[in-house]
>>> print(open('entry-v4.pdb').read())   # PDB, C-alpha atoms, pLDDT in the B column
ATOM      1  CA  MET A   1     -26.344   0.719  18.689  1.00 66.00           C
ATOM      2  CA  PRO A   2     -30.166   0.636  18.800  1.00 85.00           C
ATOM      3  CA  PHE A   3     -32.286  -1.429  21.147  1.00 96.00           C
ATOM      4  CA  THR A   4     -32.903  -5.012  20.012  1.00 96.00           C
ATOM      5  CA  GLU A   5     -35.068  -7.941  21.010  1.00 96.00           C
ATOM      6  CA  GLU A   6     -32.132  -9.036  23.167  1.00 97.00           C
ATOM      7  CA  THR A   7     -32.706  -5.925  25.288  1.00 98.00           C
ATOM      8  CA  LEU A   8     -36.155  -7.021  26.388  1.00 97.00           C
ATOM      9  CA  ASP A   9     -35.044 -10.663  26.721  1.00 97.00           C
ATOM     10  CA  PHE A  10     -32.271  -9.576  29.069  1.00 97.00           C
ATOM     11  CA  MET A  11     -34.624  -7.444  31.162  1.00 97.00           C
ATOM     12  CA  ALA A  12     -37.132 -10.272  31.498  1.00 96.00           C
ATOM     13  CA  LEU A  13     -34.498 -12.885  32.349  1.00 97.00           C
ATOM     14  CA  ASN A  14     -32.754 -10.597  34.819  1.00 96.00           C
ATOM     15  CA  ARG A  15     -35.999 -10.114  36.696  1.00 94.00           C
ATOM     16  CA  VAL A  16     -36.685 -13.864  36.755  1.00 95.00           C
ATOM     17  CA  MET A  17     -33.160 -14.610  38.011  1.00 95.00           C
ATOM     18  CA  ASN A  18     -33.519 -11.875  40.638  1.00 93.00           C
ATOM     19  CA  SER A  19     -29.903 -12.329  41.686  1.00 94.00           C
ATOM     20  CA  ARG A  20     -27.176  -9.757  42.292  1.00 93.00           C
ATOM     21  CA  GLU A  21     -24.606 -12.434  41.466  1.00 96.00           C
ATOM     22  CA  TRP A  22     -26.245 -13.212  38.107  1.00 96.00           C
ATOM     23  CA  PHE A  23     -26.575  -9.527  37.255  1.00 96.00           C
ATOM     24  CA  HIS A  24     -22.928  -8.787  37.964  1.00 95.00           C
ATOM     25  CA  GLN A  25     -21.873 -11.819  35.930  1.00 97.00           C
ATOM     26  CA  HIS A  26     -23.803 -10.325  32.999  1.00 97.00           C
ATOM     27  CA  LYS A  27     -22.884  -6.682  33.523  1.00 96.00           C
ATOM     28  CA  ASP A  28     -21.283  -6.414  30.083  1.00 97.00           C
ATOM     29  CA  GLU A  29     -24.592  -7.451  28.501  1.00 97.00           C
ATOM     30  CA  TYR A  30     -26.412  -4.888  30.627  1.00 97.00           C
ATOM     31  CA  LYS A  31     -24.092  -2.152  29.370  1.00 97.00           C
ATOM     32  CA  ARG A  32     -24.288  -3.302  25.744  1.00 97.00           C
ATOM     33  CA  LEU A  33     -28.024  -3.989  25.549  1.00 97.00           C
ATOM     34  CA  ILE A  34     -29.412  -1.308  27.862  1.00 97.00           C
ATOM     35  CA  VAL A  35     -26.989   1.410  28.955  1.00 97.00           C
ATOM     36  CA  SER A  36     -25.449   2.086  25.527  1.00 97.00           C
ATOM     37  CA  PRO A  37     -28.645   2.206  23.425  1.00 97.00           C
ATOM     38  CA  MET A  38     -30.436   4.366  26.009  1.00 98.00           C
ATOM     39  CA  ALA A  39     -27.501   6.801  26.022  1.00 97.00           C
ATOM     40  CA  GLU A  40     -27.540   6.808  22.217  1.00 97.00           C
ATOM     41  CA  LEU A  41     -31.271   7.558  22.195  1.00 98.00           C
ATOM     42  CA  LEU A  42     -30.899  10.447  24.642  1.00 98.00           C
ATOM     43  CA  ASP A  43     -27.920  11.864  22.765  1.00 97.00           C
ATOM     44  CA  ALA A  44     -30.027  11.811  19.595  1.00 97.00           C
ATOM     45  CA  ILE A  45     -32.980  13.718  21.060  1.00 98.00           C
ATOM     46  CA  ALA A  46     -31.071  16.028  23.423  1.00 98.00           C
ATOM     47  CA  PRO A  47     -30.603  18.971  20.989  1.00 98.00           C
ATOM     48  CA  GLY A  48     -34.307  18.995  20.121  1.00 98.00           C
ATOM     49  CA  MET A  49     -35.375  18.617  23.753  1.00 98.00           C
ATOM     50  CA  LEU A  50     -33.215  21.585  24.733  1.00 98.00           C
ATOM     51  CA  GLU A  51     -34.987  23.623  22.059  1.00 98.00           C
ATOM     52  CA  ILE A  52     -38.246  22.841  23.871  1.00 98.00           C
ATOM     53  CA  ASP A  53     -36.726  23.801  27.223  1.00 98.00           C
ATOM     54  CA  PRO A  54     -33.060  24.832  27.548  1.00 98.00           C
ATOM     55  CA  SER A  55     -33.265  24.175  31.302  1.00 97.00           C
ATOM     56  CA  LEU A  56     -33.903  20.448  30.970  1.00 98.00           C
ATOM     57  CA  ILE A  57     -31.256  18.303  32.635  1.00 97.00           C
ATOM     58  CA  ILE A  58     -30.182  15.473  30.334  1.00 97.00           C
ATOM     59  CA  VAL A  59     -27.559  13.125  31.754  1.00 97.00           C
ATOM     60  CA  PRO A  60     -27.784   9.780  29.868  1.00 96.00           C
ATOM     61  CA  ARG A  61     -26.665   7.519  32.712  1.00 95.00           C
ATOM     62  CA  PRO A  62     -28.460   5.157  35.116  1.00 95.00           C
ATOM     63  CA  GLY A  63     -29.275   6.990  38.331  1.00 93.00           C
ATOM     64  CA  LYS A  64     -29.366  10.338  36.500  1.00 95.00           C
ATOM     65  CA  SER A  65     -31.829  10.857  33.631  1.00 97.00           C
ATOM     66  CA  VAL A  66     -32.118   7.069  33.202  1.00 97.00           C
ATOM     67  CA  SER A  67     -33.624   4.673  35.731  1.00 96.00           C
ATOM     68  CA  ARG A  68     -31.732   1.783  37.242  1.00 94.00           C
ATOM     69  CA  LEU A  69     -32.943  -1.782  36.782  1.00 94.00           C
ATOM     70  CA  TRP A  70     -32.452  -2.527  40.471  1.00 91.00           C
ATOM     71  CA  ARG A  71     -34.693  -1.343  43.280  1.00 81.00           C
ATOM     72  CA  ASP A  72     -33.912   0.352  46.559  1.00 71.00           C
ATOM     73  CA  THR A  73     -34.869  -2.593  48.756  1.00 63.00           C
ATOM     74  CA  ARG A  74     -35.119  -0.331  51.812  1.00 60.00           C
ATOM     75  CA  ARG A  75     -38.460   0.855  50.394  1.00 59.00           C
ATOM     76  CA  GLY A  76     -39.869  -2.620  49.867  1.00 58.00           C
ATOM     77  CA  PRO A  77     -37.689  -5.590  50.858  1.00 66.00           C
ATOM     78  CA  GLU A  78     -40.457  -7.983  49.826  1.00 69.00           C
ATOM     79  CA  LEU A  79     -40.295  -6.817  46.171  1.00 78.00           C
ATOM     80  CA  PRO A  80     -38.006  -8.357  43.515  1.00 83.00           C
ATOM     81  CA  LEU A  81     -34.493  -6.923  43.428  1.00 90.00           C
ATOM     82  CA  TYR A  82     -34.772  -6.115  39.717  1.00 93.00           C
ATOM     83  CA  ARG A  83     -37.380  -4.540  37.463  1.00 93.00           C
ATOM     84  CA  ASP A  84     -38.152  -5.397  33.871  1.00 95.00           C
ATOM     85  CA  VAL A  85     -39.093  -1.755  33.209  1.00 96.00           C
ATOM     86  CA  LEU A  86     -36.643   0.939  32.135  1.00 97.00           C
ATOM     87  CA  TRP A  87     -37.288   4.636  31.584  1.00 97.00           C
ATOM     88  CA  PHE A  88     -35.794   8.066  31.157  1.00 98.00           C
ATOM     89  CA  ASP A  89     -37.223  11.197  32.733  1.00 97.00           C
ATOM     90  CA  LEU A  90     -36.153  14.651  31.545  1.00 98.00           C
ATOM     91  CA  LYS A  91     -36.974  17.605  33.764  1.00 97.00           C
ATOM     92  CA  ARG A  92     -35.448  20.779  35.165  1.00 96.00           C
ATOM     93  CA  GLY A  93     -34.680  19.311  38.566  1.00 90.00           C
ATOM     94  CA  LYS A  94     -34.991  15.862  40.072  1.00 80.00           C
ATOM     95  CA  TYR A  95     -36.412  16.808  43.466  1.00 76.00           C
ATOM     96  CA  LEU A  96     -38.229  20.081  42.742  1.00 83.00           C
ATOM     97  CA  ASP A  97     -41.632  18.761  41.549  1.00 94.00           C
ATOM     98  CA  TYR A  98     -41.070  19.846  37.945  1.00 97.00           C
ATOM     99  CA  PRO A  99     -43.047  18.191  35.145  1.00 98.00           C
ATOM    100  CA  GLY A 100     -40.972  16.074  32.801  1.00 97.00           C
ATOM    101  CA  PHE A 101     -40.838  14.288  29.472  1.00 98.00           C
ATOM    102  CA  TRP A 102     -40.466  10.540  29.869  1.00 98.00           C
ATOM    103  CA  PHE A 103     -40.158   7.310  27.913  1.00 98.00           C
ATOM    104  CA  GLU A 104     -40.661   3.831  29.359  1.00 98.00           C
ATOM    105  CA  LEU A 105     -39.979   0.410  27.872  1.00 98.00           C
ATOM    106  CA  SER A 106     -40.725  -3.108  29.058  1.00 97.00           C
ATOM    107  CA  PRO A 107     -41.354  -6.499  27.444  1.00 96.00           C
ATOM    108  CA  ARG A 108     -45.082  -5.680  27.541  1.00 96.00           C
ATOM    109  CA  ALA A 109     -45.375  -2.162  26.165  1.00 97.00           C
ATOM    110  CA  LEU A 110     -43.776   1.151  25.302  1.00 98.00           C
ATOM    111  CA  ARG A 111     -45.072   4.315  26.951  1.00 98.00           C
ATOM    112  CA  TRP A 112     -44.116   7.967  26.736  1.00 98.00           C
ATOM    113  CA  GLY A 113     -45.535  11.265  27.756  1.00 98.00           C
ATOM    114  CA  CYS A 114     -45.285  14.541  29.590  1.00 98.00           C
ATOM    115  CA  GLY A 115     -46.225  15.577  33.106  1.00 98.00           C
ATOM    116  CA  TRP A 116     -45.923  14.141  36.584  1.00 97.00           C
ATOM    117  CA  TYR A 117     -46.104  10.694  38.121  1.00 93.00           C
ATOM    118  CA  GLN A 118     -47.962  12.437  40.943  1.00 94.00           C
ATOM    119  CA  THR A 119     -48.692  16.157  40.832  1.00 97.00           C
ATOM    120  CA  GLU A 120     -48.337  18.222  43.989  1.00 96.00           C
ATOM    121  CA  PRO A 121     -51.755  19.375  45.317  1.00 96.00           C
ATOM    122  CA  ALA A 122     -50.650  23.026  45.216  1.00 97.00           C
ATOM    123  CA  THR A 123     -49.819  22.649  41.508  1.00 97.00           C
ATOM    124  CA  VAL A 124     -53.176  21.013  40.783  1.00 97.00           C
ATOM    125  CA  ALA A 125     -54.974  23.845  42.599  1.00 97.00           C
ATOM    126  CA  ALA A 126     -52.966  26.448  40.674  1.00 98.00           C
ATOM    127  CA  ALA A 127     -53.756  24.700  37.375  1.00 98.00           C
ATOM    128  CA  ARG A 128     -57.478  24.843  38.167  1.00 97.00           C
ATOM    129  CA  GLU A 129     -57.209  28.562  38.901  1.00 97.00           C
ATOM    130  CA  LEU A 130     -55.493  29.164  35.581  1.00 98.00           C
ATOM    131  CA  ILE A 131     -58.064  27.064  33.719  1.00 98.00           C
ATOM    132  CA  LEU A 132     -61.032  28.845  35.302  1.00 97.00           C
ATOM    133  CA  ALA A 133     -59.435  32.231  34.587  1.00 97.00           C
ATOM    134  CA  GLY A 134     -58.975  31.353  30.902  1.00 97.00           C
ATOM    135  CA  ASP A 135     -55.214  31.856  31.082  1.00 98.00           C
ATOM    136  CA  PRO A 136     -53.629  32.273  27.605  1.00 98.00           C
ATOM    137  CA  ASP A 137     -51.109  29.449  28.182  1.00 98.00           C
ATOM    138  CA  TRP A 138     -53.973  27.197  29.217  1.00 98.00           C
ATOM    139  CA  ARG A 139     -55.943  28.081  26.080  1.00 98.00           C
ATOM    140  CA  ARG A 140     -52.937  27.245  23.887  1.00 98.00           C
ATOM    141  CA  ALA A 141     -52.450  23.978  25.755  1.00 98.00           C
ATOM    142  CA  LEU A 142     -56.094  22.999  25.360  1.00 98.00           C
ATOM    143  CA  GLU A 143     -56.123  23.898  21.667  1.00 98.00           C
ATOM    144  CA  THR A 144     -52.993  21.840  21.042  1.00 97.00           C
ATOM    145  CA  PHE A 145     -54.270  18.896  23.053  1.00 98.00           C
ATOM    146  CA  GLY A 146     -57.609  18.909  21.248  1.00 97.00           C
ATOM    147  CA  ALA A 147     -55.965  18.932  17.815  1.00 97.00           C
ATOM    148  CA  GLN A 148     -53.794  15.829  18.356  1.00 97.00           C
ATOM    149  CA  ASP A 149     -54.484  12.105  18.704  1.00 96.00           C
ATOM    150  CA  VAL A 150     -51.157  10.895  20.156  1.00 98.00           C
ATOM    151  CA  PHE A 151     -51.631  11.576  23.856  1.00 98.00           C
ATOM    152  CA  ALA A 152     -54.451  11.015  26.299  1.00 98.00           C
ATOM    153  CA  LEU A 153     -54.788  12.745  29.647  1.00 98.00           C
ATOM    154  CA  GLU A 154     -54.161  10.110  32.290  1.00 97.00           C
ATOM    155  CA  ASP A 155     -57.436   9.460  34.068  1.00 95.00           C
ATOM    156  CA  THR A 156     -56.980  10.466  37.701  1.00 95.00           C
ATOM    157  CA  ARG A 157     -60.386  12.122  37.970  1.00 94.00           C
ATOM    158  CA  TYR A 158     -62.716  12.106  40.920  1.00 88.00           C
ATOM    159  CA  LYS A 159     -65.612   9.667  40.472  1.00 88.00           C
ATOM    160  CA  ARG A 160     -68.106  12.512  40.558  1.00 92.00           C
ATOM    161  CA  SER A 161     -67.306  15.690  38.680  1.00 94.00           C
ATOM    162  CA  ARG A 162     -66.790  18.786  40.785  1.00 93.00           C
ATOM    163  CA  TYR A 163     -67.368  20.935  37.710  1.00 96.00           C
ATOM    164  CA  PRO A 164     -70.400  19.391  35.986  1.00 95.00           C
ATOM    165  CA  ASP A 165     -71.218  22.628  34.144  1.00 95.00           C
ATOM    166  CA  ALA A 166     -67.756  23.038  32.615  1.00 96.00           C
ATOM    167  CA  PRO A 167     -67.312  22.393  28.867  1.00 96.00           C
ATOM    168  CA  GLU A 168     -66.813  18.725  28.048  1.00 95.00           C
ATOM    169  CA  ASP A 169     -63.230  19.196  26.866  1.00 97.00           C
ATOM    170  CA  VAL A 170     -62.290  21.172  29.988  1.00 98.00           C
ATOM    171  CA  ARG A 171     -64.021  19.095  32.664  1.00 97.00           C
ATOM    172  CA  PRO A 172     -61.442  16.225  32.740  1.00 97.00           C
ATOM    173  CA  TRP A 173     -58.685  18.740  33.475  1.00 98.00           C
ATOM    174  CA  LEU A 174     -60.616  20.439  36.250  1.00 97.00           C
ATOM    175  CA  ASP A 175     -61.476  17.082  37.822  1.00 97.00           C
ATOM    176  CA  SER A 176     -57.957  15.628  37.618  1.00 97.00           C
ATOM    177  CA  ARG A 177     -55.981  14.978  40.779  1.00 96.00           C
ATOM    178  CA  SER A 178     -52.720  14.665  38.821  1.00 97.00           C
ATOM    179  CA  PHE A 179     -51.608  15.690  35.333  1.00 98.00           C
ATOM    180  CA  CYS A 180     -49.825  13.517  32.802  1.00 98.00           C
ATOM    181  CA  LEU A 181     -50.148  13.081  29.042  1.00 98.00           C
ATOM    182  CA  VAL A 182     -49.662   9.428  28.124  1.00 98.00           C
ATOM    183  CA  HIS A 183     -49.164   7.469  24.912  1.00 98.00           C
ATOM    184  CA  GLU A 184     -48.980   3.678  25.048  1.00 97.00           C
ATOM    185  CA  GLU A 185     -47.935   1.133  22.405  1.00 95.00           C
ATOM    186  CA  GLY A 186     -48.757  -2.526  23.019  1.00 94.00           C
ATOM    187  CA  ASP A 187     -46.535  -3.373  20.050  1.00 95.00           C
ATOM    188  CA  VAL A 188     -42.899  -3.043  21.151  1.00 97.00           C
ATOM    189  CA  SER A 189     -41.454  -3.189  17.621  1.00 96.00           C
ATOM    190  CA  PRO A 190     -41.013   0.636  17.391  1.00 97.00           C
ATOM    191  CA  LEU A 191     -38.280   0.183  20.006  1.00 97.00           C
ATOM    192  CA  TYR A 192     -36.074  -1.394  17.334  1.00 97.00           C
ATOM    193  CA  SER A 193     -36.650   1.318  14.734  1.00 95.00           C
ATOM    194  CA  PRO A 194     -33.841   3.755  13.870  1.00 94.00           C
ATOM    195  CA  GLU A 195     -36.585   6.404  13.761  1.00 96.00           C
ATOM    196  CA  LEU A 196     -37.505   5.942  17.439  1.00 97.00           C
ATOM    197  CA  GLY A 197     -35.720   9.110  18.543  1.00 97.00           C
ATOM    198  CA  GLU A 198     -37.262  11.160  15.758  1.00 97.00           C
ATOM    199  CA  ARG A 199     -40.722   9.879  16.659  1.00 98.00           C
ATOM    200  CA  LEU A 200     -40.298  10.634  20.370  1.00 98.00           C
ATOM    201  CA  LEU A 201     -38.972  14.102  19.668  1.00 98.00           C
ATOM    202  CA  GLY A 202     -41.873  14.857  17.323  1.00 98.00           C
ATOM    203  CA  ASP A 203     -44.391  13.778  19.938  1.00 98.00           C
ATOM    204  CA  PHE A 204     -42.643  15.735  22.690  1.00 98.00           C
ATOM    205  CA  ARG A 205     -42.718  18.835  20.503  1.00 98.00           C
ATOM    206  CA  LEU A 206     -46.432  18.260  20.070  1.00 98.00           C
ATOM    207  CA  ALA A 207     -46.835  18.238  23.855  1.00 98.00           C
ATOM    208  CA  ALA A 208     -44.689  21.356  24.381  1.00 98.00           C
ATOM    209  CA  PRO A 209     -47.579  23.858  24.841  1.00 98.00           C
ATOM    210  CA  VAL A 210     -49.110  21.605  27.501  1.00 98.00           C
ATOM    211  CA  TYR A 211     -45.690  21.282  29.142  1.00 98.00           C
ATOM    212  CA  ARG A 212     -45.394  25.068  29.309  1.00 98.00           C
ATOM    213  CA  PHE A 213     -48.801  25.249  30.970  1.00 98.00           C
ATOM    214  CA  PHE A 214     -47.672  22.617  33.468  1.00 98.00           C
ATOM    215  CA  LEU A 215     -44.578  24.707  34.264  1.00 98.00           C
ATOM    216  CA  LYS A 216     -46.713  27.794  34.804  1.00 98.00           C
ATOM    217  CA  ALA A 217     -49.034  25.912  37.149  1.00 98.00           C
ATOM    218  CA  ARG A 218     -46.058  24.510  39.058  1.00 97.00           C
ATOM    219  CA  ASP A 219     -44.474  27.955  39.520  1.00 96.00           C
ATOM    220  CA  ARG A 220     -47.796  29.502  40.538  1.00 96.00           C
ATOM    221  CA  GLY A 221     -48.432  26.707  43.038  1.00 96.00           C
ATOM    222  CA  ARG A 222     -44.986  27.152  44.570  1.00 92.00           C
ATOM    223  CA  ALA A 223     -45.516  30.899  44.811  1.00 89.00           C
ATOM    224  CA  GLY A 224     -48.767  30.340  46.675  1.00 80.00           C
ATOM    225  CA  GLY A 225     -51.176  31.282  43.904  1.00 63.00           C
TER     226      GLY A 225
END
>>> encode(input="entry-v4.pdb", output="structure tokens")
Amino acid sequence: MPFTEETLDFMALNRVMNSREWFHQHKDEYKRLIVSPMAELLDAIAPGMLEIDPSLIIVPRPGKSVSRLWRDTRRGPELPLYRDVLWFDLKRGKYLDYPGFWFELSPRALRWGCGWYQTEPATVAAARELILAGDPDWRRALETFGAQDVFALEDTRYKRSRYPDAPEDVRPWLDSRSFCLVHEEGDVSPLYSPELGERLLGDFRLAAPVYRFFLKARDRGRAGG
């Protein structure tokens, strides 16, 4: 079954209730409205995602490729027990600083993209080296990025450019402290569309050359340059 308006209503109400007892009383709704449609979405895009990268790990379950709605309270006992944000994150390894493809939904917005939540400094340094050297994978990534209007590079730049003489389209990359392509929709209605998976897969394919550059920078950074 696809996501519905009930999905977002449940997420919002669950966060307001903020109660383990309430959540467990409504576990069947959680499975029906959230777990099942997210698994269906991932099953739909998995073959295409594995064409982009056969090494991606895709396990359509909470705690695996899919986030949980509940928090680890050991990291912030003052925070609410439950989130009203749900996402999947597809990468080669969960704890090995790989870039990933991700999709996030909440009652406020839909977001998807490619990259890191926070890029390791060694990877950022390696990316800069590749950019300055005019690496072929970087040139393909830049050409692809410049020809599309779906994704923006998340702005994590230093306030003052460290490369003021670099070309205008290259400077944001050189000045970034972390790398992530982001698309955001303030209108959540695409969540209910049967074409959601097709749209995500098309956009992820569009980002594939940038993803391959990210992988190269990650491997170079891990190898020490």
>>> atom_distance(input="entry-v4.pdb", atom1="CA of Val35 (chain A)", atom2="CA of Ile52 (chain A)")
24.7 Å
>>> residues_around(input="entry-v4.pdb", residues="region 15-27 of chain A", least_positions_apart="6", cutoff="9 Å", atoms="all atoms listed in the file", output="VMD selection string")
chain A and resid 69 80 to 84
>>> resolve_selection(input="entry-v4.pdb", expression="the PyMOL selection byres ((chain A and resi 188-205) around 8)", output="list of chain:residue names")
A:Pro2, A:Phe3, A:Thr4, A:Glu5, A:Leu41, A:Leu42, A:Ala44, A:Ile45, A:Gly48, A:Met49, A:Ile52, A:Phe101, A:Pro107, A:Arg108, A:Ala109, A:Leu110, A:Trp112, A:Gly113, A:Cys114, A:Val150, A:Glu185, A:Gly186, A:Asp187, A:Leu206, A:Ala207, A:Ala208
>>> residues_around(input="entry-v4.pdb", residues="Asp155 (chain A)", least_positions_apart="3", cutoff="10 Å", atoms="all atoms listed in the file", output="VMD selection string")
chain A and resid 152 158 172 to 173 175 to 182
>>> residues_around(input="entry-v4.pdb", residues="Ala39 (chain A)", least_positions_apart="4", cutoff="10 Å", atoms="only C-alpha atoms", output="list in words")
Met1, Pro2, Ile34, Val35, Asp43, Ala44, Val59, Pro60, Arg61, Pro62, Ser65, Val66 and Phe88 of chain A
>>> atom_distance(input="entry-v4.pdb", atom1="CA of Ala125 (chain A)", atom2="CA of Arg220 (chain A)")
9.4 Å
>>> atom_distance(input="entry-v4.pdb", atom1="CA of Arg111 (chain A)", atom2="CA of Pro209 (chain A)")
19.8 Å
>>> closest_residue(input="entry-v4.pdb", among="A:Lys91, A:Leu130, A:Arg218, A:Ser106", to="Asp53 (chain A)", atoms="all atoms listed in the file")
A:Lys91
>>> closest_residue(input="entry-v4.pdb", among="A:His183, A:Arg128, A:Ala133, A:Ala12", to="Arg162 (chain A)", atoms="all atoms listed in the file")
A:Arg128
>>> axis_aligned_box(input="entry-v4.pdb", around="region 141-155 of chain A", padding_each_side="8 Å", output="JSON")
{"center_x": -54.4, "center_y": 16.7, "center_z": 25.9, "size_x": 22.5, "size_y": 30.5, "size_z": 32.3}
>>> closest_residue(input="entry-v4.pdb", among="A:Thr156, A:Leu96, A:Val85, A:Arg71", to="Leu174 (chain A)", atoms="all atoms listed in the file")
A:Thr156
>>> resolve_selection(input="entry-v4.pdb", expression="the PyMOL selection byres ((chain A and resi 87) around 8)", output="list of chain:residue names")
A:Val66, A:Ser67, A:Val85, A:Leu86, A:Phe88, A:Asp89, A:Trp102, A:Phe103, A:Glu104, A:Leu105
>>> residues_around(input="entry-v4.pdb", residues="Phe214 (chain A)", least_positions_apart="5", cutoff="9 Å", atoms="only C-alpha atoms", output="compact mmCIF listing (two decimals) with C-alpha atoms, in the frame of the given file")
# COMPACT_ATOMS: atom_id res chain seq x y z
CA TYR A 98 -41.07 19.85 37.94
CA PRO A 99 -43.05 18.19 35.15
CA GLY A 115 -46.22 15.58 33.11
CA THR A 123 -49.82 22.65 41.51
CA ALA A 127 -53.76 24.70 37.38
CA TRP A 138 -53.97 27.20 29.22
CA PHE A 179 -51.61 15.69 35.33
CA PRO A 209 -47.58 23.86 24.84
CA ASP A 219 -44.47 27.96 39.52
>>> resolve_selection(input="entry-v4.pdb", expression="the PyMOL selection byres ((chain A and resi 140) around 12)", output="ChimeraX atom specification")
/A:131,134-139,141-147,206-214
>>> build_atoms(input="entry-v4.pdb", residues="region 114-120 of chain A", atoms="all heavy atoms", output="JSON list (two decimals), in the frame of the given file")
[["chain", "number", "residue", "atom", "x", "y", "z"],
["A", 114, "CYS", "N", -45.71, 13.27, 29.03],
["A", 114, "CYS", "CA", -45.28, 14.54, 29.59],
["A", 114, "CYS", "C", -46.13, 14.84, 30.81],
["A", 114, "CYS", "O", -47.38, 14.73, 30.76],
["A", 114, "CYS", "CB", -45.44, 15.64, 28.54],
["A", 114, "CYS", "SG", -45.25, 17.31, 29.16],
["A", 115, "GLY", "N", -45.49, 15.22, 31.90],
["A", 115, "GLY", "CA", -46.22, 15.58, 33.11],
["A", 115, "GLY", "C", -45.56, 15.03, 34.34],
["A", 115, "GLY", "O", -44.34, 14.93, 34.42],
["A", 116, "TRP", "N", -46.40, 14.63, 35.30],
["A", 116, "TRP", "CA", -45.92, 14.14, 36.58],
["A", 116, "TRP", "C", -46.41, 12.72, 36.84],
["A", 116, "TRP", "O", -47.50, 12.34, 36.42],
["A", 116, "TRP", "CB", -46.46, 14.99, 37.73],
["A", 116, "TRP", "CG", -45.98, 16.38, 37.83],
["A", 116, "TRP", "CD1", -44.90, 16.84, 38.53],
["A", 116, "TRP", "CD2", -46.59, 17.56, 37.25],
["A", 116, "TRP", "NE1", -44.80, 18.20, 38.44],
["A", 116, "TRP", "CE2", -45.82, 18.67, 37.65],
["A", 116, "TRP", "CE3", -47.72, 17.76, 36.43],
["A", 116, "TRP", "CZ2", -46.13, 19.97, 37.26],
["A", 116, "TRP", "CZ3", -48.02, 19.05, 36.04],
["A", 116, "TRP", "CH2", -47.23, 20.14, 36.45],
["A", 117, "TYR", "N", -45.62, 11.96, 37.58],
["A", 117, "TYR", "CA", -46.10, 10.69, 38.12],
["A", 117, "TYR", "C", -47.18, 10.97, 39.16],
["A", 117, "TYR", "O", -48.21, 10.30, 39.21],
["A", 117, "TYR", "CB", -44.94, 9.92, 38.75],
["A", 117, "TYR", "CG", -45.36, 8.65, 39.45],
["A", 117, "TYR", "CD1", -45.79, 7.53, 38.72],
["A", 117, "TYR", "CD2", -45.35, 8.57, 40.84],
["A", 117, "TYR", "CE1", -46.20, 6.37, 39.37],
["A", 117, "TYR", "CE2", -45.74, 7.41, 41.48],
["A", 117, "TYR", "CZ", -46.16, 6.32, 40.75],
["A", 117, "TYR", "OH", -46.56, 5.17, 41.39],
["A", 118, "GLN", "N", -46.97, 12.00, 39.97],
["A", 118, "GLN", "CA", -47.96, 12.44, 40.94],
["A", 118, "GLN", "C", -47.78, 13.94, 41.13],
["A", 118, "GLN", "O", -46.74, 14.39, 41.60],
["A", 118, "GLN", "CB", -47.82, 11.70, 42.27],
["A", 118, "GLN", "CG", -48.93, 12.01, 43.26],
["A", 118, "GLN", "CD", -48.88, 11.11, 44.48],
["A", 118, "GLN", "OE1", -47.98, 10.27, 44.62],
["A", 118, "GLN", "NE2", -49.83, 11.27, 45.37],
["A", 119, "THR", "N", -48.79, 14.71, 40.78],
["A", 119, "THR", "CA", -48.69, 16.16, 40.83],
["A", 119, "THR", "C", -48.95, 16.66, 42.25],
["A", 119, "THR", "O", -49.88, 16.21, 42.91],
["A", 119, "THR", "CB", -49.71, 16.80, 39.87],
["A", 119, "THR", "OG1", -49.69, 16.12, 38.63],
["A", 119, "THR", "CG2", -49.39, 18.27, 39.65],
["A", 120, "GLU", "N", -48.14, 17.62, 42.67],
["A", 120, "GLU", "CA", -48.34, 18.22, 43.99],
["A", 120, "GLU", "C", -49.71, 18.90, 44.06],
["A", 120, "GLU", "O", -50.14, 19.55, 43.11],
["A", 120, "GLU", "CB", -47.25, 19.27, 44.25],
["A", 120, "GLU", "CG", -45.87, 18.70, 44.46],
["A", 120, "GLU", "CD", -45.75, 17.99, 45.80],
["A", 120, "GLU", "OE1", -46.45, 18.38, 46.75],
["A", 120, "GLU", "OE2", -44.95, 17.04, 45.88]]
